[in-house]
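Engineer: Quick one: the structure is below, and I'll ask about it shortly.
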Amino acid sequence: MDNSAPVRGSDGAALPEDKAPGQGIDGSELAGPDLARAALQSAREQSAAKRKAMGKPGKPGKLRTRRRRGWTGAGPDDRDPQPLGRLAARIASEHGWTEHLSGGQVFAKWDSLVGGEIAEHTKPLQLKDCELTVQAQSTAWATQLRLLQRQILKRISDGVGPGVVKRIKVQGPAAPSWRHGPRHISGRGPRDTYG
């Protein structure tokens, strides 16, 4: 369609450009198709005036339009789908949970960190302030762990990360306790009746 074509009435006569869109040549009200044509012509003229006012980019009078956010492109972006492990690691580092998680890895990977034979006779109990408490199955294994402490610390450091475990506290086998409840009386307890 040609934007400069004159608007014509239903009788084929051209409507004057200086008339309002709802009025015909004689000033009478337009109806039906004549009214639609007049409204279309008015919209085209307004659009042409806006395009003319925009001018070339960088000149005053340019209309600013809101630009939609485009695609992220070929490179990686934070809005791209991420592996679950990477997201979990980022959340842990943001909240300061990294130390606790690496401490949990000591317990989860105990067999692979210290070896099968040592893991069979020992059990990690607690990790607090970089000190790992390990319980041995017998007093002989407790002595053996104390002798191998440097090698075990090196293996843990290589497997989990440096600084997670700095000291190892070795406990012997747990003996049964006669202490029950928060209150007790010091002394030998029921063992003094055994003869």
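Note on naming: chains are A, B, ... as they come in the structure tokens, residues start from 1 per chain, ligands start from 1 in the order shown.
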Which residues are close to A:Thr122, i.e. within 12 Å by only C-alpha atoms, leaving aside same-chain residues fewer than 3 positions away? Reply as a list in words.

Structural biologist: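 With the cut-off at 12 Å, the set is Phe107, Trp110, Asp111, Val114, Gly115, Gly116, Glu117, Ile118, Ala119, Leu125, Thr133, Val134, Gln135, Ala136, Gln137, Ser138, Thr139, Ala140, Trp141, Ala142, Thr143, Gln144, Leu145, Val170, Gln171, Gly172, Pro173 and Ala174 of chain A.
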
Engineer: Mind giving me the straight-line distance from atom CA of A:Gly163 to atom CA of A:Leu148 in Å, one decimal?

Structural biologist: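 Between atom CA of A:Gly163 and atom CA of A:Leu148 the gap works out to 18.3 Å.
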
Engineer: So, counting only C-alpha atoms, which residue among A:Arg146, A:Lys169, A:Arg183, A:Arg37 is closest to A:Gln126?

Structural biologist: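 Nearest to A:Gln126: A:Lys169.
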
Engineer: May I have all residues of stretch 49-156 of chain A that DSSP, computed from the backbone, assigns to strand (DSSP E), given as a CSV table (one decimal) with N, CA and C atoms, in the first residue's frame?

Structural biologist:
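So the final result, stored in part.csv, reads:
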```csv
chain,number,residue,atom,x,y,z
A,122,THR,N,39.8,-49.1,62.9
A,122,THR,CA,39.6,-47.7,63.4
A,122,THR,C,38.3,-47.1,63.0
A,123,LYS,N,37.9,-46.1,63.7
A,123,LYS,CA,36.6,-45.4,63.4
A,123,LYS,C,36.8,-43.9,63.7
A,124,PRO,N,36.5,-43.0,62.8
A,124,PRO,CA,36.6,-41.6,63.1
A,124,PRO,C,35.3,-41.2,63.9
A,125,LEU,N,35.5,-40.5,65.0
A,125,LEU,CA,34.4,-40.1,65.9
A,125,LEU,C,34.0,-38.7,65.7
A,126,GLN,N,35.0,-37.8,65.7
A,126,GLN,CA,34.6,-36.4,65.8
A,126,GLN,C,35.7,-35.5,65.1
A,127,LEU,N,35.3,-34.5,64.5
A,127,LEU,CA,36.2,-33.5,63.9
A,127,LEU,C,35.8,-32.1,64.4
A,128,LYS,N,36.7,-31.6,65.3
A,128,LYS,CA,36.4,-30.3,65.9
A,128,LYS,C,37.7,-29.5,66.0
A,131,GLU,N,40.9,-30.9,64.7
A,131,GLU,CA,41.4,-32.1,65.5
A,131,GLU,C,40.4,-33.3,65.3
A,132,LEU,N,41.0,-34.3,64.7
A,132,LEU,CA,40.2,-35.5,64.4
A,132,LEU,C,40.3,-36.5,65.5
A,133,THR,N,39.2,-36.9,66.1
A,133,THR,CA,39.3,-38.0,67.2
A,133,THR,C,39.0,-39.3,66.5
A,134,VAL,N,39.9,-40.3,66.7
A,134,VAL,CA,39.8,-41.6,66.1
A,134,VAL,C,39.8,-42.6,67.2
A,135,GLN,N,38.9,-43.6,67.1
A,135,GLN,CA,38.8,-44.7,68.1
A,135,GLN,C,39.4,-45.9,67.5
A,136,ALA,N,40.3,-46.5,68.2
A,136,ALA,CA,41.0,-47.8,67.7
A,136,ALA,C,40.3,-49.0,68.3
```

Engineer: In Å, how far is it from atom CA of A:Ile152 to atom CA of A:Ser93?

Structural biologist: 26.7 Å

Engineer: Point out the residue among A:Leu113, A:Ile185, A:Ala36, A:Cys130 with the least atom-to-atom distance to A:Ile156, counting only C-alpha atoms.

Structural biologist: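 Selected residue with least distance to A:Ile156: A:Leu113.
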
Engineer: Could you check the closest approach to A:Pro162 for each of A:Ser102, A:Ser186, A:Gln149, A:Ser112 and tell me which residue wins, using only C-alpha atoms?

Structural biologist: A:Ser102
